[in-house]
Structure formats: C-alpha cells, structure tokens
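> Supplied in structure tokens, the structure appears directly below.
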Amino acid sequence: MKKHSFADLRFFAWLFVALIALGSRTVHAGPIGAGTYSGIYTGGDYGTVTIVVDAQGNATCDFFSSPNFIHHQGAGTVNTDSSWYLVNCVTPATSSYYWSASSNPSSGAGSAIIGSWGGGTTNAQISGTYTAYFISTKSDPAGSLSTAAFAGLWYDHTFTGTGFNILPSSAVGLIVTYYGVNTSGGPLWLISDFGPKKITIGTAVTLNMSYSNSGTFQAPVRVPVTWGQLTLTFTSCTTATATLSGTDGTVSENLTILTGVIGMLDCQ
C-alpha cells in the first residue's frame, strides 16, 4: 500500500520537535559537582549561603541571616534533568519558617551555583537571589593540607552568637580567633598562638588562647593575658570539632564552615 505524503510530513514534524527538545537540553548547565559552595544572598533578607553537595547528589542548604542572626536550613537533591533547577533545598513542612532554594540553568558545574530563594509565613513572603562559589571538594582528603584550605568562618549552629575565624599565614601558620560570651555574660574575644602550616584531617591541633585587657581605640596596645587552650580537629573539609578549656570553663562544639574565603586553596 502506498504511503501518503502527509505521513512523511507528519514524521518529519515530530522529528523536528524531538530535535528541538534535545537541542534545548544542551543549553542547561551540566551536573553540579560534589563539594561545598559558599557565597551571599540578597533580597527581602541578606546574609551568607552555604550549599553542600555530596557524591550521591544530596544537597543541604544553610542561609544565615545577617540582620536576624538566624539560620534557614533545608535539604534536597541535585536534579540534572530539570530545565529550571539543578539544586533544590526545602525546609521541613513542620518548620515555623518555610523557604526553598533553587538554582537556575546559568549555574556552572564546579564553579558557582546561581539561583533564587524564598520563604516566610503564609502572610509575609520574602524572596531574593544568591550566588555560591565553589570552595572545596572531597570530604576525606589524604595527607596534609595547607591551612589556607580551611580559611573562613566556622560555627556550631546550636551555639548562637559564637564562632571561630581561621586565618592562614604564609609566614608562620594557623591563627584562630574566637568570639563568644564569658561566665559573666560579657563578650569574650580570644586569639591563638601560631599553629602549624599544615593540617591533617583527623589529627588534633592544640593552641594556647589569650585575650587582651589593655589599650584603647586610639592606642590599641596589646598585652596578652593567658586564658587557656583550644583543641581543634578537622574531621573533613567542612566539619571540625573544637574544645575550649580555660578561665571560663570548658565547652565543646561541632563546627561546620559558614563561609570560606574566595581565592584560597581548595580542600582536596
């Protein structure tokens, strides 16, 4: 039986549609690489964002509000097939503050995640945009790493208003500053002695900590006063344990990196 010419036309029409569909997929970004991405977000609120993607494609998102000093945390997955988002994080439905974060096709695998976020209550929605740059990769590197790979702000989300700032120095080594509250309820600012230039995952580093009780704003002459010690152990590129023991007692914290420093070495 002779095939009608219209059948050929219909076949080529479907083929054309299929080619367009396949071609449209190529404009979207490739898979987001496993690792930690850190940056800033702006809009109805503003602060820092940290997105961690594991090798299985699971994602966790932490948006830290600078003016409100609270964390909006959620979990989700990396979706490489979607035309809209590659990373999708949502807080639990039972959360009092509901928000979600999605990345768009302009995100570049292994470099940055660009997207939008939104949240609030049913009566007051807020939204904005974010950019999170790739700062680290493997969670269990072997051997020793430069302290520059761990540079940034570290915190335990259960300890509101406290944190650690890790500073690398090419001339000497690791320097750690701590901000928190003393037993009298006043501010506690500590600074460490110089630490090693290299860090090994799983190996503890003990540093002497001190503070200054002299000097003025116009003449900040530092006279260090011994406070105690800090024992710091990096358990991965983005997690660590810290134990402070000194004049104000002893406290242990489980740290995660809040934001790294762009331009420093990757933890890999």
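Within each chain, counting starts at residue 1; across the structure tokens, chains are named A, B, ... in the order shown, with ligands numbered 1 upward in that order.
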Excluding Asn58 (chain A) and its own-chain neighbours fewer than 3 positions away, which residues fall within 10 Å of it when counting only C-alpha atoms? Please give them as a list in words.

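Once the adjacent positions are removed, what remains is Ala34, Val52, Val53, Asp54, Ala55, Ala75, Gly76, Thr77, Val78, Asn79, Val87, Asn88 and Cys89 of chain A.
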
> Can you tell me, as a ChimeraX atom specification, what residues are no more than 6 Å from Cys61 (chain A) when counting only C-alpha atoms, ignoring any on the same chain fewer than 3 positions away?

/A:50-51,73-74

> As an exercise, work out the distance from CA of Gly119 (chain A) to CA of Tyr41 (chain A) in Å and give it to one decimal place.

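Going from CA of Gly119 (chain A) over to CA of Tyr41 (chain A) covers 13.1 Å.
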
> Tell me, as a list in words, which residues lie within 10 Å of Ser245 (chain A), counting only C-alpha atoms; anything in the same chain fewer than 5 positions away does not count.

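So, after excluding close chain neighbours, the residues are Asn208, Met209, Trp227, Gly228, Gln229, Leu230, Thr231, Thr250, Val251 and Ser252 of chain A.
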
> Near Asn213 (chain A), counting only C-alpha atoms, which residues have an atom at most 10 Å away, once you skip same-chain residues fewer than 4 positions from it, shown as a ChimeraX atom specification?

/A:221-225

> Taking only C-alpha atoms into account, which of A:Phe134, A:Ser100, A:Ile40, A:Val176 comes nearest Trp189 (chain A)?

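Smallest distance to Trp189 (chain A) is found for A:Val176.
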
> Separation of CA of Val205 (chain A) and CA of Pro187 (chain A), in Å?

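One can read the CA of Val205 (chain A) to CA of Pro187 (chain A) distance as 24.9 Å.
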
> Which residue out of A:Gly57, A:Gly202, A:Gly161, A:Gly115 has the minimum interatomic distance to Phe69 (chain A) when only C-alpha atoms are used?

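For Phe69 (chain A), the nearest of the given residues is A:Gly161.
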
> Can you list, as a tab-separated table (two decimals) with N, CA and C atoms, in the first residue's frame, all residues belonging to region 34-236 of chain A that DSSP tags as helix (DSSP H, G or I)?


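Saved as out-v7.tsv:
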```
chain	number	residue	atom	x	y	z
A	147	THR	N	46.94	25.28	55.67
A	147	THR	CA	45.89	25.87	56.49
A	147	THR	C	44.99	26.79	55.67
A	148	ALA	N	45.48	27.27	54.52
A	148	ALA	CA	44.67	28.14	53.67
A	148	ALA	C	43.41	27.43	53.18
A	149	ALA	N	43.44	26.09	53.11
A	149	ALA	CA	42.29	25.33	52.65
A	149	ALA	C	41.13	25.39	53.63
A	150	PHE	N	41.40	25.79	54.87
A	150	PHE	CA	40.37	25.84	55.90
A	150	PHE	C	40.02	27.26	56.31
```

> What gap, in Å, lies between CA of Ser127 (chain A) and CA of Ala151 (chain A)?

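Interatomic distance, CA of Ser127 (chain A) to CA of Ala151 (chain A): 29.6 Å.
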